[in-house]
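**Q** Got a structure for you, questions after.
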Amino acid sequence: MKKRMKRISIFFVILITLFFCLFLCYINDYYHADMELIATFNTSNIVNKNILDDNTIVYSVDNVNKGLIFYPGGKVEYTAYEPLMRKLASKGILCILVKMPLNLAIFDINAADGIQTKFSYIENWYIGGHSLGGAMAASYLSNNSLNFDGLILLGSYTTSDLSQTNINIISIYGSEDKILNRKKYNESKSNLSTNFFEYVIDGGCHSYFGVYGMQDGDGTPTISNEQQIMLSSDLISDFILNN
């Protein structure tokens with residue numbers, strides 16, 4: 001009996017160790033921001049960049065009254081979204097880029113908590129994200145809808161029901177996106193408010209909302225990474241500044 005219990009204990013120790021090793025491999029295998037490519041982008045010098053104690057990055061210019069809290073995509077280094085945040089900030093939007101534990105927004109859905117109180121001069125707040133980040137931003141919004149004016153979904157969809165809210169929602173995805181599940185995306189539209197706007201970037205892909213290379217399984221884009229970010233920033237800024 002003792003030998004049997006010892007074997008069972010050893011088996012579970014091996015199983016737990018194997019699971020832990022696989023988990024470490026999974027979380028350490030993520031998409032890194034391509035800082036060399038980011039450095040070549042045409043970004044505005046008027047944008048101020050400030051890194052807070054929790055590594056949240058704030059992109060700002062003077063005299064703004066609208067703000068965006070942004071959740072990065074799953075397993076993507078959050079600094080990969082710096083070009084998009086800088087573009088939006090240069091157009092007059094305070095942008096808050098949140099760092100997620102293990103690069104997965106699912107581990108900190110409430111990352112937006114407390115951010116708005118730090119920037120009391122902002123009159124209108126928006127929240128959004130890319131892929132998994134967009135889904136988690138929508139989940140957060142579903143419990144905090146009175147604190148926001150809109151939601152931005154990039155290559156993403158929501159499983160949270162926002163249909164009874166007056167939230168303005170914009171969804172943007174690339175025509176060559178092979179990662180976004182179109183069936184679930186279309187089914188999720190019943191969760192959206194009536195103030196919903198949808199845009200498809202011709203030639204765009206899933207990966208090009210950030211700058212981290214091509215994501216496994218994505219389609220082949222026919223526009224450049226920088227072009228997709230510029231087009232996205234135009235659509236998002238028009239959505240925020242005119243609502």
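Please note that chains go A, B, ... in the order of the structure tokens, that every chain numbers its residues from 1, and that ligands are numbered from 1 in the order shown.
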For Lys189 (chain A), please output as a ChimeraX atom specification all residues within 10 Å (counting only C-alpha atoms; exclusion window: fewer than 2 positions along the same chain).
**A** /A:157-159,161-163,184-187,191-194,196
**Q** Produce a file of the selected residues containing N, CA, C and O atoms, as a JSON list (two decimals), in the first residue's frame.
**A**
```json
[["chain", "number", "residue", "atom", "x", "y", "z"],
["A", 157, "TYR", "N", -13.86, 40.84, -31.08],
["A", 157, "TYR", "CA", -15.31, 40.86, -30.88],
["A", 157, "TYR", "C", -15.59, 40.68, -29.39],
["A", 157, "TYR", "O", -14.70, 40.36, -28.60],
["A", 158, "THR", "N", -16.84, 40.93, -29.00],
["A", 158, "THR", "CA", -17.18, 40.83, -27.59],
["A", 158, "THR", "C", -18.18, 39.70, -27.32],
["A", 158, "THR", "O", -19.12, 39.50, -28.10],
["A", 159, "THR", "N", -17.94, 38.96, -26.26],
["A", 159, "THR", "CA", -18.91, 37.97, -25.79],
["A", 159, "THR", "C", -19.76, 38.56, -24.67],
["A", 159, "THR", "O", -20.68, 37.91, -24.19],
["A", 161, "ASP", "N", -22.52, 41.22, -23.24],
["A", 161, "ASP", "CA", -23.72, 41.84, -23.81],
["A", 161, "ASP", "C", -23.73, 43.35, -23.55],
["A", 161, "ASP", "O", -23.87, 43.80, -22.41],
["A", 162, "LEU", "N", -23.58, 44.11, -24.62],
["A", 162, "LEU", "CA", -23.63, 45.58, -24.53],
["A", 162, "LEU", "C", -24.84, 46.13, -25.28],
["A", 162, "LEU", "O", -24.94, 47.34, -25.50],
["A", 163, "SER", "N", -25.75, 45.24, -25.64],
["A", 163, "SER", "CA", -26.87, 45.63, -26.50],
["A", 163, "SER", "C", -27.84, 46.60, -25.83],
["A", 163, "SER", "O", -28.57, 47.32, -26.52],
["A", 184, "LYS", "N", -17.76, 33.57, -35.25],
["A", 184, "LYS", "CA", -18.02, 34.09, -33.90],
["A", 184, "LYS", "C", -18.16, 35.62, -33.92],
["A", 184, "LYS", "O", -18.94, 36.19, -33.17],
["A", 185, "TYR", "N", -17.38, 36.24, -34.80],
["A", 185, "TYR", "CA", -17.46, 37.70, -34.92],
["A", 185, "TYR", "C", -18.86, 38.13, -35.34],
["A", 185, "TYR", "O", -19.45, 39.03, -34.75],
["A", 186, "ASN", "N", -19.40, 37.47, -36.37],
["A", 186, "ASN", "CA", -20.73, 37.83, -36.85],
["A", 186, "ASN", "C", -21.81, 37.49, -35.81],
["A", 186, "ASN", "O", -22.77, 38.25, -35.65],
["A", 187, "GLU", "N", -21.65, 36.38, -35.13],
["A", 187, "GLU", "CA", -22.61, 36.01, -34.09],
["A", 187, "GLU", "C", -22.59, 37.02, -32.94],
["A", 187, "GLU", "O", -23.63, 37.28, -32.31],
["A", 191, "ASN", "N", -24.51, 41.24, -29.53],
["A", 191, "ASN", "CA", -24.11, 41.79, -28.22],
["A", 191, "ASN", "C", -23.84, 43.28, -28.27],
["A", 191, "ASN", "O", -23.60, 43.90, -27.23],
["A", 192, "LEU", "N", -23.85, 43.86, -29.46],
["A", 192, "LEU", "CA", -23.45, 45.25, -29.62],
["A", 192, "LEU", "C", -24.64, 46.21, -29.52],
["A", 192, "LEU", "O", -25.79, 45.83, -29.75],
["A", 193, "SER", "N", -24.32, 47.46, -29.19],
["A", 193, "SER", "CA", -25.35, 48.49, -29.14],
["A", 193, "SER", "C", -25.76, 48.88, -30.56],
["A", 193, "SER", "O", -25.13, 48.47, -31.54],
["A", 194, "THR", "N", -26.80, 49.67, -30.67],
["A", 194, "THR", "CA", -27.24, 50.13, -31.99],
["A", 194, "THR", "C", -26.28, 51.17, -32.57],
["A", 194, "THR", "O", -26.29, 51.42, -33.77],
["A", 196, "PHE", "N", -23.27, 51.20, -33.57],
["A", 196, "PHE", "CA", -22.14, 50.34, -33.99],
["A", 196, "PHE", "C", -21.68, 50.71, -35.39],
["A", 196, "PHE", "O", -22.48, 50.86, -36.31]]
```
**Q** According to DSSP computed on the backbone, where in region 1-242 of chain A is there alpha helix (DSSP H)? Give the residues as a PyMOL selection string.
**A** chain A and resi 2-28+35-38+82-90+115-118+132-142+182-187+225-241
**Q** Skipping near chain neighbours, those fewer than 4 positions away, what residues fall within 12 Å of Gly204 (chain A) using only C-alpha atoms, listed as a PyMOL selection string?
**A** chain A and resi 154-155+172-178+199-200+208-210+214+218-232
**Q** My list of candidates is A:Ser139, A:Ser171, A:Ser44, A:Thr56. Which is closest to Ala89 (chain A) when distances are computed with only C-alpha atoms?
**A** A:Ser44
**Q** Would you give me, as a tab-separated table, each residue of region 44-90 of chain A having an atom within 12 Å of an atom of region 105-124 of chain A, along with its shortest atom pair and that distance in Å to one decimal, using only C-alpha atoms and sorting by chain and residue number?
**A**
```
residue	atom	partner	partner_atom	distance
A:Leu52	CA	A:Ile115	CA	10.8
A:Asp54	CA	A:Ala111	CA	10.5
A:Asn55	CA	A:Ala111	CA	11.8
A:Thr56	CA	A:Ala111	CA	9.7
A:Ile57	CA	A:Ile115	CA	11.4
A:Val58	CA	A:Ile115	CA	10.5
A:Ser60	CA	A:Phe119	CA	11.2
A:Asp62	CA	A:Tyr121	CA	11.3
A:Asn63	CA	A:Tyr121	CA	9.3
A:Val64	CA	A:Ile122	CA	7.1
A:Asn65	CA	A:Ile122	CA	4.4
A:Lys66	CA	A:Asn124	CA	4.9
A:Gly67	CA	A:Ile122	CA	6.2
A:Leu68	CA	A:Asn124	CA	8.8
A:Ile69	CA	A:Ala112	CA	6.9
A:Phe70	CA	A:Ala112	CA	8.7
A:Tyr71	CA	A:Ala105	CA	6.8
A:Pro72	CA	A:Ala105	CA	7.1
A:Gly73	CA	A:Ala105	CA	7.4
A:Gly74	CA	A:Ala105	CA	6.6
A:Lys75	CA	A:Ala105	CA	8.8
A:Val76	CA	A:Ala105	CA	10.0
A:Glu77	CA	A:Ala105	CA	11.3
A:Tyr78	CA	A:Ala105	CA	10.4
```
**Q** As an exercise, work out the distance from CA of Leu37 (chain A) to CA of Cys205 (chain A) in Å and give it to one decimal place.
**A**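 Interatomic distance, CA of Leu37 (chain A) to CA of Cys205 (chain A): 17.4 Å.
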**Q** Please run DSSP on the backbone and report, as a PyMOL selection string, all residues within region 8-238 of chain A that come out as strand (DSSP E).
**A** chain A and resi 48-51+57-60+66-71+94-97+124-130+150-154+168-174+196-201
**Q** With distances taken over only C-alpha atoms, which residue among A:Val47, A:Phe197, A:Ser188, A:Gly217 lies nearest Ile170 (chain A)?
**A**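 Checking each candidate against Ile170 (chain A), we get A:Phe197 as the closest.
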**Q** What is the CA of Leu94 (chain A) to CA of Ser233 (chain A) distance in Å?
**A** 13.1 Å
**Q** Pick from A:Val61, A:Leu180, A:Leu102, A:Ile127: nearest to Ser90 (chain A), with only C-alpha atoms counted?
**A**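 That would be A:Val61, the residue with the smallest distance to Ser90 (chain A).
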**Q** Find the distance between CA of Tyr126 (chain A) and CA of Leu88 (chain A) and write it in Å to one decimal.
**A**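 CA of Leu88 (chain A) lies 12.4 Å from CA of Tyr126 (chain A).
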